[in-house]
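Asks: My structure file coords31.cif, mmCIF, C-alpha atoms and all ligand atoms, is below:
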```cif
data_structure
#
loop_
_atom_site.group_PDB
_atom_site.id
_atom_site.type_symbol
_atom_site.label_atom_id
_atom_site.label_comp_id
_atom_site.auth_asym_id
_atom_site.auth_seq_id
_atom_site.Cartn_x
_atom_site.Cartn_y
_atom_site.Cartn_z
ATOM 1 C CA MET A 1 44.419 -13.072 -36.973
ATOM 2 C CA ASP A 2 42.677 -12.144 -33.777
ATOM 3 C CA GLY A 3 45.888 -11.871 -31.778
ATOM 4 C CA VAL A 4 45.110 -14.976 -29.744
ATOM 5 C CA SER A 5 47.493 -17.854 -30.233
ATOM 6 C CA HIS A 6 45.687 -21.049 -31.054
ATOM 7 C CA VAL A 7 47.496 -24.151 -29.936
ATOM 8 C CA THR A 8 46.276 -27.372 -31.435
ATOM 9 C CA THR A 9 46.171 -30.018 -28.756
ATOM 10 C CA THR A 10 45.638 -33.706 -29.203
ATOM 11 C CA PRO A 11 43.448 -35.015 -26.402
ATOM 12 C CA ALA A 12 45.420 -36.816 -23.759
ATOM 13 C CA VAL A 13 44.688 -40.452 -23.002
ATOM 14 C CA MET A 14 46.022 -41.544 -19.662
ATOM 15 C CA ILE A 15 45.580 -44.930 -17.979
ATOM 16 C CA LEU A 16 45.733 -45.522 -14.231
ATOM 17 C CA LEU A 17 46.794 -49.072 -13.423
ATOM 18 C CA GLY A 18 46.760 -50.468 -9.928
ATOM 19 C CA PRO A 19 44.982 -52.865 -7.574
ATOM 20 C CA PRO A 20 41.761 -51.974 -5.753
ATOM 21 C CA GLY A 21 42.548 -49.305 -3.172
ATOM 22 C CA ALA A 22 45.569 -47.915 -5.020
ATOM 23 C CA GLY A 23 43.741 -44.599 -5.393
ATOM 24 C CA LYS A 24 42.769 -44.723 -9.076
ATOM 25 C CA GLY A 25 39.335 -43.184 -8.547
ATOM 26 C CA THR A 26 40.498 -40.535 -6.088
ATOM 27 C CA GLN A 27 43.375 -39.470 -8.298
ATOM 28 C CA ALA A 28 41.311 -39.548 -11.501
ATOM 29 C CA ARG A 29 38.782 -37.216 -9.889
ATOM 30 C CA MET A 30 41.546 -34.828 -8.863
ATOM 31 C CA LEU A 31 43.056 -34.846 -12.357
ATOM 32 C CA GLU A 32 39.612 -34.253 -13.823
ATOM 33 C CA GLU A 33 39.184 -31.130 -11.702
ATOM 34 C CA LYS A 34 42.661 -29.785 -12.316
ATOM 35 C CA TYR A 35 43.165 -30.559 -15.996
ATOM 36 C CA GLY A 36 39.652 -30.897 -17.417
ATOM 37 C CA LEU A 37 40.283 -34.482 -18.466
ATOM 38 C CA VAL A 38 37.274 -36.766 -18.148
ATOM 39 C CA GLN A 39 37.431 -39.627 -15.645
ATOM 40 C CA LEU A 40 36.205 -42.774 -17.292
ATOM 41 C CA SER A 41 35.686 -45.587 -14.800
ATOM 42 C CA THR A 42 34.343 -48.881 -16.126
ATOM 43 C CA GLY A 43 33.525 -49.815 -12.508
ATOM 44 C CA ASP A 44 31.251 -46.737 -12.229
ATOM 45 C CA LEU A 45 29.686 -47.490 -15.626
ATOM 46 C CA LEU A 46 29.059 -51.106 -14.610
ATOM 47 C CA ARG A 47 27.580 -50.093 -11.237
ATOM 48 C CA ALA A 48 25.242 -47.707 -13.087
ATOM 49 C CA ALA A 49 24.227 -50.554 -15.429
ATOM 50 C CA VAL A 50 23.556 -52.839 -12.441
ATOM 51 C CA ALA A 51 21.462 -50.122 -10.753
ATOM 52 C CA ALA A 52 19.513 -49.497 -13.967
ATOM 53 C CA GLY A 53 18.927 -53.234 -14.396
ATOM 54 C CA THR A 54 20.117 -53.276 -18.017
ATOM 55 C CA GLU A 55 20.949 -56.572 -19.692
ATOM 56 C CA ALA A 56 24.679 -55.881 -19.245
ATOM 57 C CA GLY A 57 24.101 -54.931 -15.624
ATOM 58 C CA GLN A 58 22.210 -58.135 -14.904
ATOM 59 C CA ALA A 59 25.009 -60.181 -16.463
ATOM 60 C CA ALA A 60 27.717 -58.304 -14.535
ATOM 61 C CA LYS A 61 26.149 -58.160 -11.070
ATOM 62 C CA ALA A 62 27.126 -61.556 -9.632
ATOM 63 C CA VAL A 63 30.671 -61.399 -11.023
ATOM 64 C CA MET A 64 31.206 -57.972 -9.460
ATOM 65 C CA GLU A 65 29.842 -59.122 -6.106
ATOM 66 C CA ALA A 66 32.280 -62.042 -6.131
ATOM 67 C CA GLY A 67 35.225 -59.759 -6.991
ATOM 68 C CA GLY A 68 35.892 -61.312 -10.408
ATOM 69 C CA LEU A 69 36.277 -59.589 -13.763
ATOM 70 C CA VAL A 70 33.280 -58.939 -15.989
ATOM 71 C CA SER A 71 33.664 -60.335 -19.532
ATOM 72 C CA ASP A 72 35.611 -58.277 -22.052
ATOM 73 C CA ASP A 73 32.563 -58.162 -24.372
ATOM 74 C CA ILE A 74 30.365 -56.440 -21.809
ATOM 75 C CA VAL A 75 33.055 -54.044 -20.619
ATOM 76 C CA LEU A 76 34.125 -53.085 -24.141
ATOM 77 C CA ALA A 77 30.548 -52.382 -25.230
ATOM 78 C CA ILE A 78 30.041 -50.086 -22.225
ATOM 79 C CA LEU A 79 33.379 -48.349 -22.735
ATOM 80 C CA LYS A 80 32.848 -47.754 -26.466
ATOM 81 C CA ASP A 81 29.461 -46.175 -25.790
ATOM 82 C CA ARG A 82 30.993 -43.800 -23.264
ATOM 83 C CA MET A 83 33.997 -42.952 -25.483
ATOM 84 C CA ALA A 84 31.538 -41.881 -28.191
ATOM 85 C CA ASP A 85 30.224 -39.055 -25.956
ATOM 86 C CA ALA A 86 31.424 -35.608 -26.975
ATOM 87 C CA ASP A 87 32.905 -34.689 -23.570
ATOM 88 C CA THR A 88 35.605 -37.352 -23.871
ATOM 89 C CA GLN A 89 37.092 -35.535 -26.855
ATOM 90 C CA SER A 90 39.095 -33.235 -24.578
ATOM 91 C CA GLY A 91 40.982 -36.178 -23.118
ATOM 92 C CA VAL A 92 40.313 -39.037 -20.735
ATOM 93 C CA ILE A 93 41.751 -40.700 -17.675
ATOM 94 C CA LEU A 94 40.921 -44.377 -17.785
ATOM 95 C CA ASP A 95 40.344 -45.643 -14.269
ATOM 96 C CA GLY A 96 39.995 -49.423 -13.975
ATOM 97 C CA PHE A 97 40.244 -50.056 -17.711
ATOM 98 C CA PRO A 98 41.902 -51.907 -19.371
ATOM 99 C CA ARG A 99 42.089 -54.860 -16.981
ATOM 100 C CA THR A 100 43.032 -57.645 -19.406
ATOM 101 C CA THR A 101 45.357 -57.910 -22.391
ATOM 102 C CA GLY A 102 42.285 -58.373 -24.620
ATOM 103 C CA GLN A 103 40.896 -55.059 -23.374
ATOM 104 C CA ALA A 104 44.255 -53.327 -23.921
ATOM 105 C CA GLU A 105 44.397 -54.552 -27.511
ATOM 106 C CA ALA A 106 40.797 -53.476 -28.123
ATOM 107 C CA LEU A 107 41.612 -50.034 -26.708
ATOM 108 C CA ASP A 108 44.601 -49.674 -29.052
ATOM 109 C CA ALA A 109 42.321 -50.508 -31.986
ATOM 110 C CA LEU A 110 39.614 -48.079 -30.822
ATOM 111 C CA LEU A 111 42.075 -45.209 -30.414
ATOM 112 C CA ALA A 112 43.701 -45.953 -33.783
ATOM 113 C CA GLU A 113 40.306 -45.392 -35.449
ATOM 114 C CA THR A 114 40.317 -41.773 -34.282
ATOM 115 C CA GLY A 115 44.064 -41.127 -34.618
ATOM 116 C CA GLN A 116 44.563 -41.088 -30.842
ATOM 117 C CA LYS A 117 47.171 -42.872 -28.796
ATOM 118 C CA ILE A 118 47.954 -43.586 -25.172
ATOM 119 C CA ASP A 119 50.109 -40.852 -23.672
ATOM 120 C CA ALA A 120 50.882 -42.566 -20.401
ATOM 121 C CA ALA A 121 49.956 -45.702 -18.478
ATOM 122 C CA VAL A 122 50.752 -45.076 -14.835
ATOM 123 C CA SER A 123 51.320 -47.983 -12.497
ATOM 124 C CA LEU A 124 50.227 -46.937 -8.995
ATOM 125 C CA GLU A 125 52.495 -48.981 -6.782
ATOM 126 C CA VAL A 126 51.185 -50.180 -3.433
ATOM 127 C CA GLU A 127 51.428 -53.040 -0.957
ATOM 128 C CA ASP A 128 48.552 -55.546 -1.063
ATOM 129 C CA GLU A 129 48.062 -55.797 2.695
ATOM 130 C CA ALA A 130 47.519 -52.051 3.021
ATOM 131 C CA MET A 131 44.854 -52.246 0.305
ATOM 132 C CA VAL A 132 42.560 -54.450 2.396
ATOM 133 C CA GLU A 133 42.407 -51.747 5.104
ATOM 134 C CA ARG A 134 42.091 -48.920 2.586
ATOM 135 C CA VAL A 135 39.236 -50.534 0.685
ATOM 136 C CA SER A 136 37.313 -51.919 3.673
ATOM 137 C CA GLY A 137 37.090 -48.458 5.280
ATOM 138 C CA ARG A 138 36.103 -46.367 2.317
ATOM 139 C CA TYR A 139 32.794 -44.698 1.507
ATOM 140 C CA THR A 140 31.546 -41.840 -0.653
ATOM 141 C CA CYS A 141 29.111 -38.949 -0.493
ATOM 142 C CA ALA A 142 25.879 -40.137 -2.123
ATOM 143 C CA ALA A 143 25.305 -36.705 -3.675
ATOM 144 C CA CYS A 144 28.683 -35.653 -5.137
ATOM 145 C CA GLY A 145 30.775 -38.830 -4.967
ATOM 146 C CA GLU A 146 33.570 -37.332 -2.828
ATOM 147 C CA GLY A 147 35.544 -40.174 -1.252
ATOM 148 C CA TYR A 148 36.107 -40.652 2.492
ATOM 149 C CA HIS A 149 37.689 -43.257 4.757
ATOM 150 C CA ASP A 150 36.880 -44.396 8.303
ATOM 151 C CA THR A 151 40.503 -43.904 9.386
ATOM 152 C CA PHE A 152 42.384 -41.910 6.765
ATOM 153 C CA LYS A 153 39.964 -39.245 5.567
ATOM 154 C CA LYS A 154 36.991 -38.385 7.745
ATOM 155 C CA PRO A 155 34.733 -35.438 6.863
ATOM 156 C CA GLN A 156 35.723 -32.272 8.795
ATOM 157 C CA VAL A 157 32.262 -32.235 10.396
ATOM 158 C CA ALA A 158 31.074 -35.768 11.175
ATOM 159 C CA GLY A 159 28.316 -36.874 8.839
ATOM 160 C CA VAL A 160 28.581 -33.865 6.499
ATOM 161 C CA CYS A 161 30.343 -33.925 3.135
ATOM 162 C CA ASP A 162 33.200 -31.356 3.023
ATOM 163 C CA LYS A 163 32.581 -30.730 -0.610
ATOM 164 C CA CYS A 164 28.810 -30.381 -1.073
ATOM 165 C CA GLY A 165 27.304 -30.448 2.430
ATOM 166 C CA GLY A 166 25.466 -33.708 1.662
ATOM 167 C CA THR A 167 24.589 -35.892 4.625
ATOM 168 C CA ALA A 168 23.980 -39.261 2.931
ATOM 169 C CA PHE A 169 26.920 -41.574 2.315
ATOM 170 C CA LYS A 170 27.250 -44.960 0.672
ATOM 171 C CA ARG A 171 29.582 -47.938 0.672
ATOM 172 C CA ARG A 172 30.147 -50.284 -2.241
ATOM 173 C CA ALA A 173 28.809 -53.817 -1.833
ATOM 174 C CA ASP A 174 32.182 -55.231 -2.931
ATOM 175 C CA ASP A 175 34.287 -53.158 -0.507
ATOM 176 C CA ASN A 176 34.612 -55.820 2.179
ATOM 177 C CA ALA A 177 37.764 -57.666 3.267
ATOM 178 C CA GLU A 178 36.798 -60.975 1.657
ATOM 179 C CA THR A 179 35.879 -59.593 -1.756
ATOM 180 C CA VAL A 180 38.926 -57.322 -1.766
ATOM 181 C CA ARG A 181 41.143 -60.396 -1.604
ATOM 182 C CA SER A 182 39.421 -61.869 -4.675
ATOM 183 C CA ARG A 183 39.788 -58.531 -6.450
ATOM 184 C CA LEU A 184 43.501 -58.428 -5.583
ATOM 185 C CA ASP A 185 43.901 -61.957 -6.975
ATOM 186 C CA ALA A 186 42.120 -60.919 -10.194
ATOM 187 C CA TYR A 187 44.414 -57.907 -10.429
ATOM 188 C CA HIS A 188 47.607 -59.956 -10.116
ATOM 189 C CA ALA A 189 46.455 -62.721 -12.453
ATOM 190 C CA GLN A 190 44.812 -60.683 -15.197
ATOM 191 C CA THR A 191 45.709 -57.002 -14.942
ATOM 192 C CA ALA A 192 49.309 -56.822 -13.686
ATOM 193 C CA PRO A 193 50.600 -58.249 -17.019
ATOM 194 C CA LEU A 194 49.531 -54.926 -18.569
ATOM 195 C CA ILE A 195 52.473 -53.267 -16.814
ATOM 196 C CA GLY A 196 54.757 -55.178 -19.204
ATOM 197 C CA TYR A 197 52.389 -54.497 -22.121
ATOM 198 C CA TYR A 198 52.699 -50.726 -21.702
ATOM 199 C CA ASP A 199 56.380 -50.851 -20.796
ATOM 200 C CA ALA A 200 57.049 -52.533 -24.146
ATOM 201 C CA ARG A 201 55.202 -49.642 -25.839
ATOM 202 C CA GLY A 202 57.309 -47.001 -24.066
ATOM 203 C CA VAL A 203 54.412 -45.313 -22.223
ATOM 204 C CA LEU A 204 54.729 -46.851 -18.755
ATOM 205 C CA ARG A 205 55.310 -44.600 -15.736
ATOM 206 C CA HIS A 206 55.527 -45.573 -12.072
ATOM 207 C CA VAL A 207 54.205 -43.658 -9.070
ATOM 208 C CA ASP A 208 54.605 -44.610 -5.402
ATOM 209 C CA ALA A 209 50.964 -44.718 -4.347
ATOM 210 C CA MET A 210 51.679 -45.583 -0.701
ATOM 211 C CA ALA A 211 52.505 -41.865 -0.337
ATOM 212 C CA ASP A 212 49.996 -39.181 0.778
ATOM 213 C CA ILE A 213 47.105 -38.424 -1.570
ATOM 214 C CA GLY A 214 48.558 -34.952 -2.217
ATOM 215 C CA ASP A 215 52.027 -36.263 -3.058
ATOM 216 C CA VAL A 216 50.579 -38.854 -5.448
ATOM 217 C CA ALA A 217 48.480 -36.111 -7.090
ATOM 218 C CA GLU A 218 51.607 -33.983 -7.588
ATOM 219 C CA ALA A 219 53.505 -36.869 -9.161
ATOM 220 C CA LEU A 220 50.580 -37.546 -11.513
ATOM 221 C CA GLY A 221 50.299 -33.843 -12.334
ATOM 222 C CA ARG A 222 53.940 -33.823 -13.401
ATOM 223 C CA ILE A 223 53.232 -36.757 -15.716
ATOM 224 C CA VAL A 224 50.218 -34.993 -17.270
ATOM 225 C CA ASP A 225 52.311 -31.843 -17.778
ATOM 226 C CA SER A 226 55.064 -33.846 -19.430
ATOM 227 C CA VAL A 227 52.765 -35.562 -21.940
ATOM 228 C CA ARG A 228 50.487 -32.646 -22.866
ATOM 229 C CA HIS A 229 50.994 -31.545 -26.399
HETATM 230 P P1 LIG A 301 36.236 -50.837 -9.805
HETATM 231 O O1 LIG A 301 35.197 -49.804 -9.502
HETATM 232 O O2 LIG A 301 37.195 -50.399 -10.877
HETATM 233 O O3 LIG A 301 36.932 -51.341 -8.566
HETATM 234 O O4 LIG A 301 35.460 -52.096 -10.427
HETATM 235 C C1 LIG A 301 34.504 -52.814 -9.654
HETATM 236 C C2 LIG A 301 34.229 -54.141 -10.312
HETATM 237 O O5 LIG A 301 33.684 -53.940 -11.616
HETATM 238 C C3 LIG A 301 35.444 -55.016 -10.534
HETATM 239 O O6 LIG A 301 35.778 -55.780 -9.375
HETATM 240 C C4 LIG A 301 34.989 -55.886 -11.696
HETATM 241 O O7 LIG A 301 34.095 -56.892 -11.271
HETATM 242 C C5 LIG A 301 34.191 -54.890 -12.522
HETATM 243 N N1 LIG A 301 35.045 -54.176 -13.524
HETATM 244 C C6 LIG A 301 35.329 -52.838 -13.560
HETATM 245 N N2 LIG A 301 36.100 -52.543 -14.618
HETATM 246 C C7 LIG A 301 36.320 -53.717 -15.261
HETATM 247 C C8 LIG A 301 37.062 -54.071 -16.410
HETATM 248 N N3 LIG A 301 37.762 -53.157 -17.113
HETATM 249 N N4 LIG A 301 37.063 -55.372 -16.782
HETATM 250 C C9 LIG A 301 36.379 -56.315 -16.098
HETATM 251 N N5 LIG A 301 35.675 -56.053 -14.990
HETATM 252 C C10 LIG A 301 35.631 -54.760 -14.559
#
```
Translate this structure into structure tokens?
Ligand code: AMP
Replies:
Amino acid sequence: MDGVSHVTTTPAVMILLGPPGAGKGTQARMLEEKYGLVQLSTGDLLRAAVAAGTEAGQAAKAVMEAGGLVSDDIVLAILKDRMADADTQSGVILDGFPRTTGQAEALDALLAETGQKIDAAVSLEVEDEAMVERVSGRYTCAACGEGYHDTFKKPQVAGVCDKCGGTAFKRRADDNAETVRSRLDAYHAQTAPLIGYYDARGVLRHVDAMADIGDVAEALGRIVDSVRH
């Protein structure tokens, strides 16, 4: 023995469920920094595929621009590739996946192959109308990805990223009022049923995501602490 206690930990798998603007990406990034879990966003992976012009990206582009859901086949292929990377072995926060019952079932099967399970599926609870304003005003630092908002979170020095000092910012093509409404409809029709799916499996948690970013982060931190093993 070397005198150091070795605790065997099973990697945590946590899902953030919620409509566009609920704060999934912001909170996943904060949890990544604090707990060393890896944020896995199918939206980010799809945007990278679109930018790279891959076959999947070309197939997904128009659907994403219209605010619909990309087919399960494409999303699952992209997710499986990413889950095979070594860094995800320490635990993941799934941000924007699963979004359909088919995806949830495929995730269960994928995790079963490696003896993993879902520790918590957190429903971020918000009001739809507030989401249109949240999403329409948001933008990110082009260099480090830190998120900002025209009204709710401006950089301390105008035009300069608080985190990395970058001066270029970008907005998503689908973050406009019209597309947000389509994305909200897709959420209610296809993704909200997953709340019942995870409730039935005993892993559902609820967090009031209309609260301040810091309060939501604390509530999520308590959930991570309670499921770590
Ligand atoms: P997000 O960055 O999570 O808001 O996703 C942006 C867009 O990518 C969505 O509006 C969908 O068109 C697509 N997308 C992201 N994740 C998924 C998913 N799990 N299933 C289907 N489409 C997705």
Asks: Name the residues, using the chain letters and numbers of the file, that sit within 12 Å of (42.7, -44.4, -8.1) when counting all atoms listed in the file, and give them as JSON, numbers by chain.
Replies: {"A": [15, 16, 17, 18, 19, 20, 21, 22, 23, 24, 25, 26, 27, 28, 29, 30, 31, 39, 40, 41, 43, 93, 94, 95, 96, 97, 122, 123, 124, 125, 126, 131, 134, 135, 147, 207, 209, 210, 213, 216, 217, 220]}
Asks: Could you expand the PyMOL selection byres (((not hetatm)) within 8 of (chain A and resi 301)) into the explicit residues it covers here, written as a short mmCIF file (atom, residue, chain, number, x, y, z; two decimals) with C-alpha atoms, in the coordinates of the input?
Replies:
```
data_model
loop_
_atom_site.label_atom_id
_atom_site.label_comp_id
_atom_site.auth_asym_id
_atom_site.auth_seq_id
_atom_site.Cartn_x
_atom_site.Cartn_y
_atom_site.Cartn_z
CA PRO A 20 41.76 -51.97 -5.75
CA GLY A 25 39.34 -43.18 -8.55
CA SER A 41 35.69 -45.59 -14.80
CA THR A 42 34.34 -48.88 -16.13
CA GLY A 43 33.52 -49.82 -12.51
CA ASP A 44 31.25 -46.74 -12.23
CA LEU A 46 29.06 -51.11 -14.61
CA ARG A 47 27.58 -50.09 -11.24
CA ALA A 60 27.72 -58.30 -14.54
CA VAL A 63 30.67 -61.40 -11.02
CA MET A 64 31.21 -57.97 -9.46
CA GLU A 65 29.84 -59.12 -6.11
CA ALA A 66 32.28 -62.04 -6.13
CA GLY A 67 35.22 -59.76 -6.99
CA GLY A 68 35.89 -61.31 -10.41
CA LEU A 69 36.28 -59.59 -13.76
CA VAL A 70 33.28 -58.94 -15.99
CA SER A 71 33.66 -60.34 -19.53
CA ASP A 72 35.61 -58.28 -22.05
CA VAL A 75 33.06 -54.04 -20.62
CA LEU A 76 34.12 -53.08 -24.14
CA ASP A 95 40.34 -45.64 -14.27
CA GLY A 96 39.99 -49.42 -13.98
CA PHE A 97 40.24 -50.06 -17.71
CA PRO A 98 41.90 -51.91 -19.37
CA ARG A 99 42.09 -54.86 -16.98
CA THR A 100 43.03 -57.64 -19.41
CA GLN A 103 40.90 -55.06 -23.37
CA ASP A 174 32.18 -55.23 -2.93
CA ARG A 183 39.79 -58.53 -6.45
#
```
Asks: To one decimal place, how far is atom CA of A:Gly57 from atom CA of A:Thr179 in Å?
Replies: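 These two atoms are separated by 18.8 Å.
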Asks: So which residues get picked by the PyMOL selection byres (((chain A and resi 138) around 6) and not hetatm) here, written as number ranges by chain?
Replies: A: 135-137, 139, 148-149
Asks: Within 8 Å of stretch 151-167 of chain A, counting only C-alpha atoms, which residues qualify if same-chain residues fewer than 3 places away don't, as a list of chain:residue names?
Replies: A:Gly137, A:Cys141, A:Ala142, A:Ala143, A:Cys144, A:Glu146, A:Tyr148
Asks: Between atom CA of A:Thr101 and atom CA of A:Leu194, what distance in Å does the model show, to one decimal?
Replies: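 So the two atoms, atom CA of A:Thr101 and atom CA of A:Leu194, lie 6.4 Å apart.
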Asks: Between A:Asp185, A:Asp212, A:Glu129, A:Asp108, single out the one closest to A:Val13, counting only C-alpha atoms.
Replies: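 Answer, going by the shortest atom-to-atom distance: A:Asp108.
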Asks: Which residue out of A:Gln89, A:Leu79, A:Glu218, A:Ser226 has the minimum interatomic distance to A:Gly115 when only C-alpha atoms are used?
Replies: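 Smallest separation from A:Gly115 among the options: A:Gln89.
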Asks: One decimal, in Å: what's the spacing between atom CA of A:Val203 and atom CA of A:Lys117?
Replies: 10.1 Å
Asks: Starting from the PyMOL selection byres (((chain A and resi 177) around 8) and not hetatm), expand the selection into actual residues of this file and give them as a PDB file with C-alpha atoms, keeping the file's coordinate frame.
Replies:
```pdb
ATOM      1  CA  VAL A 132      42.560 -54.450   2.396  1.00  0.00           C
ATOM      2  CA  GLU A 133      42.407 -51.747   5.104  1.00  0.00           C
ATOM      3  CA  VAL A 135      39.236 -50.534   0.685  1.00  0.00           C
ATOM      4  CA  SER A 136      37.313 -51.919   3.673  1.00  0.00           C
ATOM      5  CA  ASP A 175      34.287 -53.158  -0.507  1.00  0.00           C
ATOM      6  CA  ASN A 176      34.612 -55.820   2.179  1.00  0.00           C
ATOM      7  CA  GLU A 178      36.798 -60.975   1.657  1.00  0.00           C
ATOM      8  CA  THR A 179      35.879 -59.593  -1.756  1.00  0.00           C
ATOM      9  CA  VAL A 180      38.926 -57.322  -1.766  1.00  0.00           C
ATOM     10  CA  ARG A 181      41.143 -60.396  -1.604  1.00  0.00           C
TER      11      ARG A 181
END
```
Asks: I'd like to know which of A:Gly102, A:Ala189, A:Gly36, A:Ala112 is closest to A:Ser90, using all atoms listed in the file.
Replies: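 The answer is A:Gly36, which sits nearest to A:Ser90.
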Asks: Could stretch 150-214 of chain A be written out with C-alpha atoms, as a compact mmCIF listing (two decimals), in the first residue's frame, please?
Replies:
```txt
# COMPACT_ATOMS: atom_id res chain seq x y z
CA ASP A 150 -27.36 41.45 -24.93
CA THR A 151 -29.39 42.15 -21.78
CA PHE A 152 -28.56 39.61 -19.10
CA LYS A 153 -24.81 39.05 -19.33
CA LYS A 154 -22.70 41.66 -21.09
CA PRO A 155 -18.89 41.44 -21.02
CA GLN A 156 -17.40 43.63 -18.25
CA VAL A 157 -15.52 45.62 -20.90
CA ALA A 158 -17.65 46.07 -24.03
CA GLY A 159 -16.40 43.95 -26.90
CA VAL A 160 -13.84 42.00 -24.84
CA CYS A 161 -14.38 38.48 -23.54
CA ASP A 162 -14.14 38.36 -19.71
CA LYS A 163 -12.65 34.93 -19.85
CA CYS A 164 -9.98 34.97 -22.58
CA GLY A 165 -9.72 38.59 -23.75
CA GLY A 166 -10.97 37.63 -27.23
CA THR A 167 -12.62 40.37 -29.25
CA ALA A 168 -14.55 38.34 -31.85
CA PHE A 169 -18.03 37.09 -31.01
CA LYS A 170 -20.55 35.00 -32.89
CA ARG A 171 -24.28 34.34 -32.93
CA ARG A 172 -25.92 31.11 -33.99
CA ALA A 173 -27.89 31.21 -37.24
CA ASP A 174 -30.86 29.55 -35.50
CA ASP A 175 -30.98 31.96 -32.53
CA ASN A 176 -33.70 34.22 -33.91
CA ALA A 177 -37.24 34.68 -32.59
CA GLU A 178 -38.92 32.79 -35.43
CA THR A 179 -36.69 29.71 -35.33
CA VAL A 180 -36.81 29.64 -31.53
CA ARG A 181 -40.57 29.14 -31.72
CA SER A 182 -40.11 26.13 -34.02
CA ARG A 183 -37.46 24.77 -31.67
CA LEU A 184 -39.81 25.20 -28.70
CA ASP A 185 -42.53 23.32 -30.61
CA ALA A 186 -40.08 20.50 -31.39
CA TYR A 187 -39.13 20.38 -27.72
CA HIS A 188 -42.72 20.05 -26.50
CA ALA A 189 -43.74 17.53 -29.16
CA GLN A 190 -40.68 15.28 -29.20
CA THR A 191 -38.44 15.90 -26.19
CA ALA A 192 -40.73 16.74 -23.26
CA PRO A 193 -42.05 13.12 -23.18
CA LEU A 194 -38.56 12.15 -21.96
CA ILE A 195 -39.40 13.74 -18.60
CA GLY A 196 -41.85 10.87 -18.04
CA TYR A 197 -39.37 8.37 -19.50
CA TYR A 198 -36.73 9.23 -16.90
CA ASP A 199 -39.24 9.67 -14.09
CA ALA A 200 -40.37 6.08 -14.66
CA ARG A 201 -36.71 5.00 -14.31
CA GLY A 202 -36.28 6.83 -11.00
CA VAL A 203 -33.52 9.21 -12.18
CA LEU A 204 -35.50 12.39 -12.86
CA ARG A 205 -34.65 15.58 -10.96
CA HIS A 206 -36.17 19.04 -11.35
CA VAL A 207 -34.41 22.40 -11.15
CA ASP A 208 -36.02 25.84 -11.39
CA ALA A 209 -34.05 27.29 -14.29
CA MET A 210 -35.79 30.69 -14.23
CA ALA A 211 -33.50 31.43 -11.25
CA ASP A 212 -30.09 33.16 -11.52
CA ILE A 213 -27.32 31.29 -13.33
CA GLY A 214 -25.43 30.93 -10.03
```
